[in-house]
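The structure under discussion appears below in the form of structure tokens.
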Amino acid sequence: MACSATAKIIHNPLVLSSSRSAEKYESCCKISGPSSLLGSKFLGKKLLSAKSAISLASRRSGAVVAVSSDVVKEKKVKSGSSAASNLLITKEEGLVLYEDMYLGRAFEDMCAQMYYRGKMFGFVHLYNGQEAVSTGFIKLLKQEDCVVSTYRDHVHSLSKGVPARQVMSELFGKTTGCCRGQGGSMHMFSKEHNVLGGFAFIGEGIPVATGAAFTSKYKREVLKEDCDEVTLAFFGDGTCNNGQFFECLNMAALWKLPIVFVVENNLWAIGMSHLRSTSDPQIWKKGPAFGMPGVHVDGMDVLKVREVAQEAIGRARRGEGPTLVECETYRFRGHSLADPDELRDPAEKARYATRDPITALKKYLFENNLANEAELKAVDKKIDEIIEDSVEFADASPVPARNQLLENVFADPRGFGIGPDGKYRCEDPKFTEGTAQV
Amino acid sequence: MYQWRMIRSATAILSFFSKASIAYTFVETEASMAAASFGVSSAAVQAVKSSASPLPSLPVIRSEARPISGRINRSRNAGKIATHAVAAQTENPASAASKPGHEVLLFEALREGLEEEMERDPRVCIFGEDVGHYGGSYKVSKGLADKYGDLRVLDTPIAENSFTGMAVGAAMTGLRPVVEGMNMGFLLLAFNQISDNCGMLHYTSGGQFTIPTVIRGPGGVGRQLGAEHSQRLESYFQSIPGIQMVACSTPYNAKGLMKAAIRSENPVVLFEHVLLYNLKERIPDEEYVVSLEEAEMVRPGEHVTILTYSRMRYHVMQAAKTLVNKGYDPEVIDIRSLKPFDLYTIGNSIKKTHKVLIVEECMRTGGIGASLTAAINENFNDYLDAPIVCLSSQDVPTPYAGTLEEVTVVQPSQIVTAVEQLCR
């Protein structure tokens, strides 16, 4: 049966606001039958079943709705009766995932503390609750793969490998920050780890991600290099009404760029509910409209996200083109630290709190004997120490000196031009302080 | 009497031209001085569709139908042209073939620049609407898609903001894209990406990522193209920190600026002009690059400094002919670099002449002229004998009607009047 028909049952827009609960989802999924979309809404209580395969939609009018997930199907076929080999992760992987999510959570909590203590200012957007998306996707990447994010980018940077010290310093505005203190919370960049930002305007980063994916294709086809780098573009539900989103879906699908568009649908754009701003709230459907698979996944479950991510990233690496993945997730805090968060229903928040991704993964690890309490506590302790250290490091780091002001405006500082004395302004030793006339 | 008749016929030619529907200008450049530095004569510029009439012996204003004979200009040109480059010689048709260099139209010069850079560095690529199979709406990238393929010369969908952003992303990850706006005005849709990403990203990333993009396209007031196709975006972009802006005006500097812009690690916006694409000039065969930050001395003089760029350079040179006949000696500088200004060349000129006239095509309000006026006042106030006069376009959406369009931009007669007043 066509996936779109299945989708209608699961994702009835009228019911969406209240259907985001365990009971409704389970019943929905039962109706859908074996060809359910990936991201079956079984929650942490159940084992991730192999039903969570993306099935190939019937090719009506040539629209691709979803992609077949051979990897998962094979696993299901090959695995024996023992529960252990049905698992989607090994112990090591589980610990890596747990550590990464805990790092994200602990870091963001520390950010909030530091903000209220006056160590950082401006707009700070925290990622609490959405860790599964970042960890689920980014932990599958290589160093050369690129990540593009929005202003809610601390955890994406951390998952990608940027040291917590550098991120915390950047937030404190110190010169040891990853962007020398010049970017701030909303502009996390790392050349070494291929984090391409950090963008303050929503939608601004999607074309940049498309360009990075284009480079990957260019390297392969024009420069004849061995390049299978993939780019991930993270953005929210509000961005999905923005022109740049659609323009880039078109171009990515047109040229089969190795990119995955990851929508972190947390249902709220500051105070604007997704349902109030979007004519068709099912964002995954917008993928097939452009000729790429659209997948919906439970973004509070890191293992489900990881499965989908594996498939989507694999597609991109093989040159099969882009995928649009909508992750249903939720932010436990307000939009930013300045947001009083009065509009959201406390009942909704409570419901999602029970779906905390870290708790869910913990439970999975315990239930499948992949880790015990002590091991996870050790990880917690290690991460807490890293965070403490990063705060100390940031505190101790120097603030940028005045002469840093004009240093990185131009890659080639001759761009400041020729002064009245005939010399390039950049040749004046004091010019970067901004005292020289520009 | 003789002079008066020349002015009348010149005016007649001008008015003929403004009514003509051809899309290119008619003005010569005494200024192919730079070309002259290679021992090449200054070119006679002629309309592409010019009839079988032979090349005149002197550079002249020509219209399609009425070539002016050389006698009018002989007296003017004698000995006046001396620049830091080798003085221009008059072009003799007989010896044209033996002159070094080759004749190109401005759009061909741009293409040569592009092609040479694409040949030199495989990371250089072009993004834009109709740049590939169509060859560019002004044929600047003609033939390049056949030579380099559809990925290096990428025909984009009509999504300026996104493909400019794509160019930024590609630049950050190692490519060197050249973005073509089919008309500069369309790049208003890409303002978000040009300002925030092209301009600022190098800085906000703490210097980690460079954005070596070139954003280019034709702008300026054309022949009755209507308000939206006649915009001058240099005034809107000039405040964006982190970008450089240059404007080409001759085939020689077009090729040089294109190459320099592509080689530059900074994002550069290269402003071309719709009416200048068919200018013809002899440019060197050898590879050359011109400086992105320097201004060009078009015509040295003593009485007044005229600062201009792009198409207005030709109006100024036309006015210069009249002025010379009237006994004035204007120094004409094509500022070329709109951001940053070359205050050295400009300053030296002001220290010599003590009077400044700025002639630009930007609007009166907030244009390049306004910034230049401020910069000169700040830096060279002591050297000025008179307030700076700035002639700009009217603050009006360019009307379609030819008669109205003519008066939105600065005409040579206004330049003549302004100089006469300044030099009183």
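Identifiers for the structure tokens are assigned positionally: chains receive A, B, ... in sequence, residues are indexed from 1 per chain, and ligands are indexed from 1 in the order shown.
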
Quick one: residues within 8 Å of A:Arg180, only C-alpha atoms counted, chain neighbours fewer than 5 positions away excluded, as a ChimeraX atom specification? /A:170,173-175,400 /B:205-206

Given only C-alpha atoms, how would the per-residue table for chain A near chain B read, listing every residue at most 6 Å away with its closest atom pair and distance in Å to one decimal, sorted by chain and number, as CSV?
residue,atom,partner,partner_atom,distance
A:Cys179,CA,B:Gly206,CA,4.0
A:Arg180,CA,B:Gly206,CA,5.2
A:Gln182,CA,B:Thr204,CA,5.2
A:Gly183,CA,B:Thr204,CA,4.4
A:Phe189,CA,B:Ser205,CA,5.4
A:Lys191,CA,B:Gln208,CA,5.8
A:Pro207,CA,B:Gly165,CA,4.7
A:Val208,CA,B:Gly169,CA,3.9
A:Thr210,CA,B:Met166,CA,5.6
A:Gly211,CA,B:Met166,CA,3.8
A:Ala212,CA,B:Gly169,CA,4.9
A:Thr215,CA,B:Ala170,CA,5.3
A:Gln244,CA,B:Ser162,CA,5.8
A:Asn408,CA,B:Tyr203,CA,4.9
A:Val409,CA,B:Tyr203,CA,5.1
A:Phe410,CA,B:Gly242,CA,5.5
A:Ala411,CA,B:Asn266,CA,5.7
A:Asp412,CA,B:Glu265,CA,5.8
A:Phe416,CA,B:Pro340,CA,6.0
A:Gly417,CA,B:Pro340,CA,5.0
A:Ile418,CA,B:Asp342,CA,5.3
A:Gly419,CA,B:Leu343,CA,5.5
A:Pro420,CA,B:Tyr344,CA,4.3
A:Gly422,CA,B:Tyr344,CA,4.9

Residues of the last selection are to be written out with C-alpha atoms, as a short mmCIF file (atom, residue, chain, number, x, y, z; two decimals), in the first residue's frame.
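Saved result, selection39.cif, follows:
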data_model
loop_
_atom_site.label_atom_id
_atom_site.label_comp_id
_atom_site.auth_asym_id
_atom_site.auth_seq_id
_atom_site.Cartn_x
_atom_site.Cartn_y
_atom_site.Cartn_z
CA CYS A 179 35.76 31.40 16.36
CA ARG A 180 38.12 33.54 18.45
CA GLN A 182 33.92 36.64 17.13
CA GLY A 183 31.01 34.34 16.44
CA PHE A 189 32.37 27.11 13.10
CA LYS A 191 37.32 24.04 9.95
CA PRO A 207 22.10 26.82 0.79
CA VAL A 208 25.52 26.70 2.40
CA THR A 210 23.84 22.51 -0.43
CA GLY A 211 27.03 24.17 -1.60
CA ALA A 212 29.18 21.92 0.55
CA THR A 215 31.68 20.54 -3.65
CA GLN A 244 15.49 28.82 0.86
CA ASN A 408 39.59 38.56 10.07
CA VAL A 409 37.37 40.89 8.10
CA PHE A 410 39.18 39.98 4.91
CA ALA A 411 41.06 36.83 4.13
CA ASP A 412 43.34 39.03 2.09
CA PHE A 416 40.99 47.33 3.17
CA GLY A 417 42.52 49.28 0.38
CA ILE A 418 45.20 51.81 -0.17
CA GLY A 419 45.48 54.68 2.23
CA PRO A 420 46.26 58.29 1.38
CA GLY A 422 50.09 55.10 -0.89
#

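Within the 10 Å cut-off around B:Val131, using only C-alpha atoms and omitting residues fewer than 2 positions from it on the same chain, the listed residues are B:Ile126, B:Phe127, B:Gly128, B:Glu129, B:His133, B:Tyr134, B:Gly135, B:Gly136, B:Ser137, B:Tyr138, B:Lys139, B:Val140, B:Ser141, B:Lys142, B:Gly143, B:Leu144, B:Ala145, B:Asp150, B:Val153, B:Leu154, B:Asp155, B:Thr156, B:Val179, B:Glu180, B:Gly181, B:Met182.
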
What are the DSSP alpha helix (DSSP H) residues of stretch 137-315 of chain A, as number ranges by chain? A: 137-138, 154-160, 164-172, 205-221, 243-255, 274-277, 286-289, 302-315

Which residue of A:Gly161, A:Gly243, A:Lys217, A:Gly177 approaches A:Ile202 most closely, using only C-alpha atoms: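 Closest candidate: A:Gly243.
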
I need the residues of stretch 280-313 of chain B that end up classed as strand (DSSP E) by DSSP on the backbone, written out as a PyMOL selection string. chain B and resi 280-283+296-299+304-308

How would the residues just picked look written out with N, CA, C and O atoms as a PDB file, in the first residue's frame?
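Once written, part.pdb looks like this:
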ATOM      1  N   LYS B 280      34.834  47.874 -27.879  1.00  0.00           N
ATOM      2  CA  LYS B 280      35.911  47.116 -28.512  1.00  0.00           C
ATOM      3  C   LYS B 280      37.242  47.759 -28.171  1.00  0.00           C
ATOM      4  O   LYS B 280      37.378  48.976 -28.125  1.00  0.00           O
ATOM      5  N   GLU B 281      38.200  46.917 -27.921  1.00  0.00           N
ATOM      6  CA  GLU B 281      39.518  47.443 -27.596  1.00  0.00           C
ATOM      7  C   GLU B 281      40.557  46.388 -27.912  1.00  0.00           C
ATOM      8  O   GLU B 281      40.268  45.199 -27.956  1.00  0.00           O
ATOM      9  N   ARG B 282      41.752  46.866 -28.112  1.00  0.00           N
ATOM     10  CA  ARG B 282      42.846  45.927 -28.351  1.00  0.00           C
ATOM     11  C   ARG B 282      43.502  45.646 -27.004  1.00  0.00           C
ATOM     12  O   ARG B 282      43.939  46.553 -26.316  1.00  0.00           O
ATOM     13  N   ILE B 283      43.519  44.390 -26.630  1.00  0.00           N
ATOM     14  CA  ILE B 283      44.121  44.059 -25.331  1.00  0.00           C
ATOM     15  C   ILE B 283      45.309  43.120 -25.561  1.00  0.00           C
ATOM     16  O   ILE B 283      45.409  42.487 -26.611  1.00  0.00           O
ATOM     17  N   GLU B 296      42.275  53.955 -11.859  1.00  0.00           N
ATOM     18  CA  GLU B 296      42.918  54.053 -13.166  1.00  0.00           C
ATOM     19  C   GLU B 296      42.956  55.502 -13.603  1.00  0.00           C
ATOM     20  O   GLU B 296      41.935  56.198 -13.616  1.00  0.00           O
ATOM     21  N   MET B 297      44.114  55.975 -13.963  1.00  0.00           N
ATOM     22  CA  MET B 297      44.243  57.344 -14.481  1.00  0.00           C
ATOM     23  C   MET B 297      43.859  57.302 -15.942  1.00  0.00           C
ATOM     24  O   MET B 297      44.526  56.696 -16.751  1.00  0.00           O
ATOM     25  N   VAL B 298      42.779  57.961 -16.275  1.00  0.00           N
ATOM     26  CA  VAL B 298      42.303  57.919 -17.650  1.00  0.00           C
ATOM     27  C   VAL B 298      42.924  59.031 -18.465  1.00  0.00           C
ATOM     28  O   VAL B 298      43.353  58.853 -19.598  1.00  0.00           O
ATOM     29  N   ARG B 299      42.950  60.211 -17.866  1.00  0.00           N
ATOM     30  CA  ARG B 299      43.459  61.363 -18.576  1.00  0.00           C
ATOM     31  C   ARG B 299      44.054  62.315 -17.558  1.00  0.00           C
ATOM     32  O   ARG B 299      43.345  62.915 -16.761  1.00  0.00           O
ATOM     33  N   VAL B 304      41.087  70.206 -12.810  1.00  0.00           N
ATOM     34  CA  VAL B 304      40.030  69.653 -11.950  1.00  0.00           C
ATOM     35  C   VAL B 304      40.146  68.132 -11.979  1.00  0.00           C
ATOM     36  O   VAL B 304      40.533  67.551 -12.997  1.00  0.00           O
ATOM     37  N   THR B 305      39.847  67.518 -10.845  1.00  0.00           N
ATOM     38  CA  THR B 305      39.837  66.056 -10.770  1.00  0.00           C
ATOM     39  C   THR B 305      38.418  65.573 -10.974  1.00  0.00           C
ATOM     40  O   THR B 305      37.519  65.964 -10.239  1.00  0.00           O
ATOM     41  N   ILE B 306      38.247  64.748 -11.993  1.00  0.00           N
ATOM     42  CA  ILE B 306      36.912  64.166 -12.187  1.00  0.00           C
ATOM     43  C   ILE B 306      37.011  62.685 -11.841  1.00  0.00           C
ATOM     44  O   ILE B 306      37.782  61.948 -12.446  1.00  0.00           O
ATOM     45  N   LEU B 307      36.232  62.288 -10.849  1.00  0.00           N
ATOM     46  CA  LEU B 307      36.229  60.888 -10.415  1.00  0.00           C
ATOM     47  C   LEU B 307      34.980  60.217 -10.936  1.00  0.00           C
ATOM     48  O   LEU B 307      33.882  60.732 -10.778  1.00  0.00           O
ATOM     49  N   THR B 308      35.156  59.077 -11.547  1.00  0.00           N
ATOM     50  CA  THR B 308      34.005  58.413 -12.131  1.00  0.00           C
ATOM     51  C   THR B 308      34.252  56.918 -12.183  1.00  0.00           C
ATOM     52  O   THR B 308      35.324  56.446 -11.791  1.00  0.00           O
TER      53      THR B 308
END

Residue neighbourhood A:Gly203, 9 Å, only C-alpha atoms, exclusion window fewer than 6 positions, as a PyMOL selection string: chain A and resi 150+235-236+239-240+242-245

Considering only C-alpha atoms, return as a PDB file with C-alpha atoms, in the first residue's frame whatever protein or nucleic-acid residues lie within 12 Å of A:Lys286, sequence-local ones (same chain, fewer than 6 positions apart) excluded.
ATOM      1  CA  SER A   4       1.009   8.171   1.800  1.00  0.00           C
ATOM      2  CA  ALA A  63       7.035  10.169  -6.876  1.00  0.00           C
ATOM      3  CA  VAL A  64       9.466   8.549  -4.517  1.00  0.00           C
ATOM      4  CA  VAL A  65       8.048   8.477  -1.063  1.00  0.00           C
ATOM      5  CA  ALA A  66      10.492   6.413   0.867  1.00  0.00           C
ATOM      6  CA  CYS A 240      10.359  24.586   6.442  1.00  0.00           C
ATOM      7  CA  ASN A 241       8.128  27.443   5.436  1.00  0.00           C
ATOM      8  CA  PHE A 245      14.359  25.436   2.121  1.00  0.00           C
ATOM      9  CA  PHE A 246      12.317  24.729  -0.957  1.00  0.00           C
ATOM     10  CA  GLU A 247      14.858  26.158  -3.358  1.00  0.00           C
ATOM     11  CA  CYS A 248      17.517  23.917  -1.912  1.00  0.00           C
ATOM     12  CA  LEU A 249      15.343  20.810  -1.897  1.00  0.00           C
ATOM     13  CA  ASN A 250      14.864  21.433  -5.586  1.00  0.00           C
ATOM     14  CA  ALA A 253      17.275  16.624  -5.817  1.00  0.00           C
ATOM     15  CA  PHE A 261      18.113  17.561   5.163  1.00  0.00           C
ATOM     16  CA  VAL A 263      14.268  18.708  10.141  1.00  0.00           C
ATOM     17  CA  THR A 278       2.000  25.530   8.177  1.00  0.00           C
ATOM     18  CA  SER A 279      -0.697  24.553   5.779  1.00  0.00           C
ATOM     19  CA  ASP A 280       0.414  20.934   5.705  1.00  0.00           C
ATOM     20  CA  MET A 292      13.509  12.788  -2.880  1.00  0.00           C
ATOM     21  CA  PRO A 293      12.432  10.422  -0.139  1.00  0.00           C
ATOM     22  CA  GLY A 294      10.689  11.981   2.819  1.00  0.00           C
ATOM     23  CA  VAL A 295      10.987  10.120   6.075  1.00  0.00           C
ATOM     24  CA  HIS A 296       9.413  10.755   9.423  1.00  0.00           C
ATOM     25  CA  THR A 323      16.844  12.663   1.673  1.00  0.00           C
ATOM     26  CA  LEU A 324      14.502  14.720   3.785  1.00  0.00           C
ATOM     27  CA  VAL A 325      14.233  13.394   7.315  1.00  0.00           C
ATOM     28  CA  GLU A 326      11.705  14.872   9.674  1.00  0.00           C
TER      29      GLU A 326
END

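Distance-wise, atom CA of B:Phe107 and atom CA of B:Tyr277 end up 5.0 Å apart.
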